[in-house]
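Colleague: The structure file protein.csv (CSV, C-alpha atoms) is provided below.
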```
chain,number,residue,atom,x,y,z
A,1,MET,CA,27.0,10.5,-39.1
A,2,PRO,CA,24.5,7.6,-38.8
A,3,ALA,CA,25.7,4.3,-40.2
A,4,ARG,CA,22.9,3.9,-42.7
A,5,THR,CA,23.4,7.4,-44.2
A,6,ALA,CA,27.2,6.7,-44.4
A,7,GLN,CA,26.5,3.4,-46.1
A,8,ARG,CA,24.2,4.9,-48.7
A,9,ARG,CA,26.6,7.6,-49.6
A,10,ALA,CA,29.5,5.2,-49.8
A,11,SER,CA,27.7,2.4,-51.6
A,12,VAL,CA,30.1,2.8,-54.6
A,13,VAL,CA,33.0,5.2,-55.3
A,14,ARG,CA,34.3,5.5,-58.9
A,15,THR,CA,38.0,5.8,-59.4
A,16,GLY,CA,40.3,5.8,-62.3
A,17,ARG,CA,40.5,2.0,-62.3
A,18,GLY,CA,36.9,1.2,-61.7
A,19,VAL,CA,34.5,0.8,-58.8
A,20,VAL,CA,35.6,0.4,-55.2
A,21,PRO,CA,33.2,-1.6,-53.0
A,22,GLY,CA,31.3,0.7,-50.6
A,23,LEU,CA,32.0,-1.6,-47.6
A,24,VAL,CA,35.7,-0.8,-47.8
A,25,VAL,CA,35.0,3.0,-47.7
A,26,LEU,CA,32.5,2.6,-45.0
A,27,THR,CA,35.0,0.7,-42.8
A,28,ALA,CA,37.6,3.4,-43.3
A,29,LEU,CA,35.1,6.1,-42.3
A,30,LEU,CA,34.1,4.2,-39.2
A,31,LEU,CA,37.7,3.6,-38.2
A,32,ALA,CA,38.6,7.3,-38.8
A,33,GLY,CA,35.6,8.7,-36.9
A,34,CYS,CA,35.2,6.3,-34.1
A,35,GLN,CA,38.7,5.9,-32.6
A,36,SER,CA,38.7,4.8,-29.0
A,37,PRO,CA,40.1,7.4,-26.6
A,38,THR,CA,41.8,4.6,-24.7
A,39,SER,CA,44.9,4.6,-26.9
A,40,SER,CA,45.5,8.4,-26.7
A,41,THR,CA,44.9,8.3,-23.0
A,42,ALA,CA,47.4,5.5,-22.5
A,43,THR,CA,50.0,7.4,-24.6
A,44,ILE,CA,49.6,10.5,-22.5
A,45,ALA,CA,49.9,8.5,-19.3
A,46,ALA,CA,53.0,6.7,-20.6
A,47,ASN,CA,54.7,10.0,-21.3
A,48,ASP,CA,53.7,11.8,-18.1
A,49,HIS,CA,57.0,12.8,-16.4
A,50,ARG,CA,55.3,12.3,-13.0
A,51,LEU,CA,54.8,8.7,-13.8
A,52,ARG,CA,58.1,8.2,-15.6
A,53,HIS,CA,60.1,9.8,-12.8
A,54,PRO,CA,57.9,9.3,-9.7
A,55,ILE,CA,58.7,10.8,-6.3
A,56,ILE,CA,59.1,7.9,-3.8
A,57,VAL,CA,58.6,8.6,-0.1
A,58,GLY,CA,60.2,6.0,2.1
A,59,GLU,CA,62.9,5.4,4.7
A,60,GLY,CA,66.4,6.5,3.8
A,61,THR,CA,69.7,7.7,5.2
A,62,LYS,CA,70.5,11.4,5.4
A,63,THR,CA,74.2,12.2,5.6
A,64,LEU,CA,76.4,15.2,6.3
A,65,ASP,CA,80.2,15.2,5.5
A,66,LEU,CA,82.3,17.5,7.6
A,67,PRO,CA,85.7,18.5,6.1
A,68,ILE,CA,88.4,18.5,8.8
A,69,GLY,CA,91.8,19.8,8.0
A,70,SER,CA,94.9,18.2,9.5
A,71,GLY,CA,95.7,21.3,11.5
A,72,THR,CA,92.2,21.7,12.9
A,73,ARG,CA,91.8,21.5,16.7
A,74,LYS,CA,88.6,23.4,17.2
A,75,LEU,CA,85.3,23.6,15.2
A,76,SER,CA,84.4,26.9,13.7
A,77,PRO,CA,81.1,28.5,14.8
A,78,GLN,CA,79.7,28.1,11.3
A,79,LEU,CA,80.4,24.4,11.2
A,80,SER,CA,79.1,23.9,14.7
A,81,ALA,CA,75.8,25.6,13.7
A,82,VAL,CA,75.5,23.3,10.7
A,83,ILE,CA,75.9,20.2,12.9
A,84,THR,CA,73.3,21.5,15.3
A,85,GLY,CA,70.8,22.1,12.5
A,86,PHE,CA,71.5,18.6,11.2
A,87,ALA,CA,70.7,17.2,14.6
A,88,GLN,CA,67.5,19.1,14.8
A,89,ASP,CA,66.4,17.6,11.5
A,90,ALA,CA,67.4,14.2,12.8
A,91,ARG,CA,65.1,14.7,15.8
A,92,ALA,CA,62.2,16.1,13.8
A,93,ARG,CA,62.3,13.7,10.8
A,94,GLY,CA,64.3,10.7,12.0
A,95,GLY,CA,64.2,8.4,15.0
A,96,GLY,CA,66.2,10.9,17.1
A,97,ALA,CA,69.5,9.1,16.8
A,98,VAL,CA,72.6,10.4,15.1
A,99,GLU,CA,75.6,8.3,14.0
A,100,ILE,CA,79.1,9.9,13.9
A,101,VAL,CA,81.5,8.0,11.5
A,102,ALA,CA,85.1,9.1,12.0
A,103,PRO,CA,88.0,8.2,9.6
A,104,SER,CA,90.9,6.0,10.9
A,105,GLY,CA,94.3,5.9,9.3
A,106,SER,CA,93.9,9.2,7.5
A,107,ARG,CA,96.2,12.2,7.5
A,108,ASN,CA,93.8,14.2,9.7
A,109,GLU,CA,93.2,11.4,12.2
A,110,ALA,CA,94.6,13.5,15.1
A,111,ALA,CA,92.4,16.5,14.2
A,112,VAL,CA,89.4,14.2,14.0
A,113,HIS,CA,89.9,13.0,17.6
A,114,ALA,CA,90.4,16.6,18.7
A,115,VAL,CA,87.1,17.8,17.4
A,116,LEU,CA,84.9,14.8,18.1
A,117,PRO,CA,83.9,16.0,21.6
A,118,GLU,CA,82.8,19.3,20.1
A,119,ILE,CA,80.8,17.5,17.4
A,120,ARG,CA,79.0,15.5,20.1
A,121,GLN,CA,78.2,18.7,22.0
A,122,ALA,CA,76.8,20.4,18.8
A,123,VAL,CA,74.6,17.3,18.2
A,124,THR,CA,73.3,17.5,21.8
A,125,ARG,CA,72.4,21.2,21.3
A,126,GLY,CA,70.3,20.1,18.4
A,127,GLY,CA,68.0,18.1,20.8
A,128,VAL,CA,69.5,14.6,20.4
A,129,ALA,CA,70.1,12.8,23.7
A,130,SER,CA,73.7,11.8,24.4
A,131,GLY,CA,72.6,8.2,24.7
A,132,ARG,CA,71.3,8.4,21.1
A,133,ILE,CA,74.6,9.4,19.6
A,134,VAL,CA,76.7,6.5,18.2
A,135,THR,CA,80.3,6.9,17.2
A,136,ARG,CA,82.2,4.5,15.0
A,137,SER,CA,85.1,4.6,12.6
A,138,TYR,CA,85.9,3.6,9.0
A,139,ARG,CA,89.3,2.7,7.6
A,140,VAL,CA,91.1,4.9,5.2
A,141,ASN,CA,93.7,3.1,3.1
A,142,ASP,CA,95.5,6.2,1.9
A,143,ALA,CA,97.4,7.9,4.7
A,144,THR,CA,97.9,11.1,2.6
A,145,VAL,CA,94.1,11.8,2.4
A,146,ALA,CA,92.3,14.1,4.8
A,147,ALA,CA,89.0,12.2,5.0
A,148,PRO,CA,85.8,13.8,6.3
A,149,ILE,CA,83.7,12.9,9.3
A,150,ARG,CA,80.2,11.8,8.3
A,151,LEU,CA,77.1,12.3,10.3
A,152,ALA,CA,74.1,10.2,9.5
A,153,TYR,CA,70.5,9.5,10.6
A,154,THR,CA,67.7,7.3,9.3
A,155,GLY,CA,64.3,8.9,8.5
A,156,ILE,CA,61.5,9.4,6.0
A,157,GLN,CA,62.8,11.0,2.8
A,158,ALA,CA,61.4,11.8,-0.7
A,159,LYS,CA,63.5,10.9,-3.7
A,160,ALA,CA,63.2,10.8,-7.4
A,161,GLY,CA,65.4,9.6,-10.2
A,162,PRO,CA,68.2,8.8,-10.7
A,163,CYS,CA,68.6,11.3,-13.5
A,164,GLY,CA,71.1,11.1,-16.3
A,165,ARG,CA,69.9,8.0,-18.1
A,166,TRP,CA,69.6,8.6,-21.8
A,167,PRO,CA,68.2,5.5,-23.5
A,168,ASP,CA,67.1,7.8,-26.4
A,169,GLY,CA,68.3,11.1,-27.8
A,170,ILE,CA,66.5,14.4,-27.3
A,171,ASN,CA,65.3,14.6,-30.9
A,172,PHE,CA,65.2,10.9,-32.0
A,173,THR,CA,64.6,7.6,-30.2
A,174,ALA,CA,66.9,4.6,-30.5
A,175,SER,CA,64.7,3.2,-33.3
A,176,GLY,CA,64.9,6.5,-35.3
A,177,THR,CA,61.5,7.9,-34.4
A,178,ARG,CA,61.4,11.6,-34.0
A,179,HIS,CA,60.2,13.1,-30.7
A,180,ASP,CA,57.4,15.5,-31.6
A,181,PRO,CA,55.1,16.4,-28.7
A,182,GLU,CA,52.6,18.1,-30.9
A,183,LEU,CA,52.1,14.9,-33.0
A,184,ASN,CA,52.3,12.0,-30.6
A,185,ASN,CA,52.3,13.6,-27.1
A,186,SER,CA,55.7,12.1,-26.4
A,187,GLN,CA,58.8,13.5,-24.7
A,188,TYR,CA,62.4,12.4,-24.3
A,189,HIS,CA,63.1,10.1,-21.4
A,190,GLU,CA,64.8,12.6,-19.2
A,191,PHE,CA,62.1,15.2,-19.5
A,192,GLY,CA,61.0,16.3,-16.0
A,193,CYS,CA,63.5,14.2,-14.1
A,194,SER,CA,65.4,17.2,-12.6
A,195,THR,CA,62.2,19.0,-11.7
A,196,GLN,CA,60.9,15.9,-9.8
A,197,SER,CA,64.3,15.5,-8.1
A,198,ASN,CA,64.4,19.2,-7.0
A,199,LEU,CA,60.8,19.0,-5.7
A,200,ALA,CA,61.7,15.9,-3.7
A,201,ALA,CA,64.8,17.7,-2.2
A,202,MET,CA,63.0,21.0,-1.4
A,203,VAL,CA,59.8,19.6,0.3
A,204,ASP,CA,60.0,20.3,4.0
A,205,ASN,CA,57.9,17.3,5.2
A,206,PRO,CA,57.9,14.4,2.7
A,207,THR,CA,54.6,13.1,4.1
A,208,ASP,CA,53.0,16.2,2.6
A,209,LEU,CA,53.4,14.5,-0.8
A,210,LEU,CA,51.3,11.5,0.4
A,211,THR,CA,48.4,13.2,2.1
A,212,PRO,CA,47.4,16.8,3.2
A,213,ARG,CA,47.9,17.8,6.8
A,214,ALA,CA,44.9,17.8,9.2
A,215,ALA,CA,43.2,21.2,9.4
A,216,ALA,CA,43.9,23.2,12.5
A,217,SER,CA,41.0,23.8,15.0
A,218,GLY,CA,39.0,26.9,14.5
A,219,ASP,CA,39.1,30.0,16.8
A,220,ARG,CA,36.1,29.5,19.0
A,221,ASN,CA,36.3,33.0,20.5
A,222,ARG,CA,36.3,34.6,17.1
A,223,ARG,CA,33.5,32.4,15.9
A,224,ALA,CA,31.4,33.5,19.0
A,225,THR,CA,32.1,37.1,18.2
A,226,VAL,CA,30.9,36.8,14.6
A,227,PHE,CA,27.7,35.0,15.8
A,228,GLU,CA,27.0,37.7,18.3
A,229,LYS,CA,27.4,40.4,15.6
A,230,TYR,CA,25.2,38.4,13.2
A,231,ARG,CA,22.4,38.1,15.8
A,232,ALA,CA,22.6,41.8,16.5
A,233,GLY,CA,22.4,42.7,12.8
A,234,GLU,CA,25.9,44.2,12.7
A,235,GLN,CA,28.5,43.8,10.1
A,236,THR,CA,30.6,40.6,10.7
A,237,ALA,CA,33.4,41.3,8.2
A,238,GLY,CA,36.3,43.6,8.7
A,239,GLU,CA,35.9,47.3,7.8
A,240,TYR,CA,38.2,48.8,5.3
A,241,LYS,CA,38.2,52.6,4.8
A,242,GLU,CA,38.7,54.2,1.4
A,243,GLY,CA,42.3,54.9,0.8
A,244,ASP,CA,43.7,52.1,3.0
A,245,GLY,CA,46.5,50.1,1.5
A,246,ALA,CA,49.2,50.9,-1.1
A,247,GLN,CA,48.5,52.1,-4.6
A,248,VAL,CA,50.4,51.4,-7.8
A,249,SER,CA,51.4,55.0,-8.0
A,250,ASP,CA,52.9,54.8,-4.5
A,251,ALA,CA,55.0,51.7,-5.4
A,252,ALA,CA,56.2,53.3,-8.7
A,253,GLY,CA,57.2,56.5,-6.9
A,254,SER,CA,55.0,58.8,-9.0
```
Would you mind writing the file's structure down as structure tokens?
Modeller:
Amino acid sequence: MPARTAQRRASVVRTGRGVVPGLVVLTALLLAGCQSPTSSTATIAANDHRLRHPIIVGEGTKTLDLPIGSGTRKLSPQLSAVITGFAQDARARGGGAVEIVAPSGSRNEAAVHAVLPEIRQAVTRGGVASGRIVTRSYRVNDATVAAPIRLAYTGIQAKAGPCGRWPDGINFTASGTRHDPELNNSQYHEFGCSTQSNLAAMVDNPTDLLTPRAAASGDRNRRATVFEKYRAGEQTAGEYKEGDGAQVSDAAGS
């Protein structure tokens, strides 16, 4: 509504107590109809779970704890395969070095020393050079505990969180304000944290979260074939005969 038209209509408004100046009504109309979208945009951005719980891509330490029983003298094939897979990840995503941290003073210390050579062999099968395998120990104060052997490597990782922080409740904030997404576009603080953490843990290559991968080169032989058919006036797309492929009735068994 133009400002002059609104001013003429709101010149005076009669109420039960008298006359209200038209300037007050005009100001209210302008404030109600001309709200800046900046405030609503800022509110939505402040409550975006991707901004509240961002996925951070950076250098971190990946670990693998191996449970070793006191009576163990040989690695199982399953555990050996797990170690080899961990070493393959270290070579692909890390600097190609693996650290083996063995417990000292624990109940299973003898078993640990018995399987250490097999652990090194499993790491080597994963593509890590023997010169890139470092072994050190950590002290266990309780001699009754069967402490694990830890494998570790440093590489690029994606992480989000930590989750589990509840500065506000699900329904009400600490100040007593009710969370109502339909009214104020707000969510409780933990909303989306687990989803972000799961996505960070599942992504195969953390750098994919930063930038897309480069496109692979095209098939020059196929491109030449298509051009030759185009010049000859032939069909360049694949030919599909009627009846090819599955039908819904076939999948349903009817």
Colleague: Using all atoms listed in the file, pick whichever of A:Val123, A:Ile56, A:Ala147, A:Val115 has the shortest atom-to-atom distance to Val82 (chain A).
Modeller: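 Under the stated criterion, the closest residue is A:Val123.
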Colleague: Which residues are close to Ser130 (chain A), i.e. within 9 Å by all atoms listed in the file, leaving aside same-chain residues fewer than 4 positions away? Reply as a list in words.
Modeller: Arg120, Gln121, Val123, Thr124 and Val134 of chain A
Colleague: Residues near Ile149 (chain A), anyone? I mean within 12 Å using only C-alpha atoms, not counting same-chain ones fewer than 3 positions away, as a ChimeraX atom specification.
Modeller: /A:63-69,83,99-104,106,108-109,111-113,115-116,119,135-140,146,152
Colleague: For CA of Cys193 (chain A) and CA of Lys62 (chain A), quote the distance in Å rounded to one decimal.
Modeller: 20.9 Å
Colleague: Go through A:Gly238, A:Pro167, A:Pro206, A:Pro162 and flag the residue nearest His53 (chain A), using all atoms listed in the file for the distances.
Modeller: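 Of A:Gly238, A:Pro167, A:Pro206, A:Pro162, the one nearest His53 (chain A), counting all atoms listed in the file, is A:Pro162.
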Colleague: Mind checking which residues fall within 12 Å of Ala129 (chain A), counting all atoms listed in the file, ignoring those fewer than 6 positions away in the same chain, and posting them as a VMD selection string?
Modeller: chain A and resid 87 to 88 90 to 91 95 to 98 120 to 123
Colleague: So how many Å separate CA of Ser194 (chain A) and CA of Thr61 (chain A), to one decimal?
Modeller: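 Rounded to one decimal, the two atoms are 20.6 Å apart.
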Colleague: Report the distance between CA of Arg222 (chain A) and CA of Glu234 (chain A) in Å, rounded to one decimal place.
Modeller: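 Calculated distance between CA of Arg222 (chain A) and CA of Glu234 (chain A) is 14.8 Å.
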Colleague: Given the choices A:Asp219, A:Gly161, A:Phe191, A:Arg93, which gets closest to Asp204 (chain A) if the distance is worked out from all atoms listed in the file?
Modeller: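 For Asp204 (chain A), the nearest of the candidates is A:Arg93.
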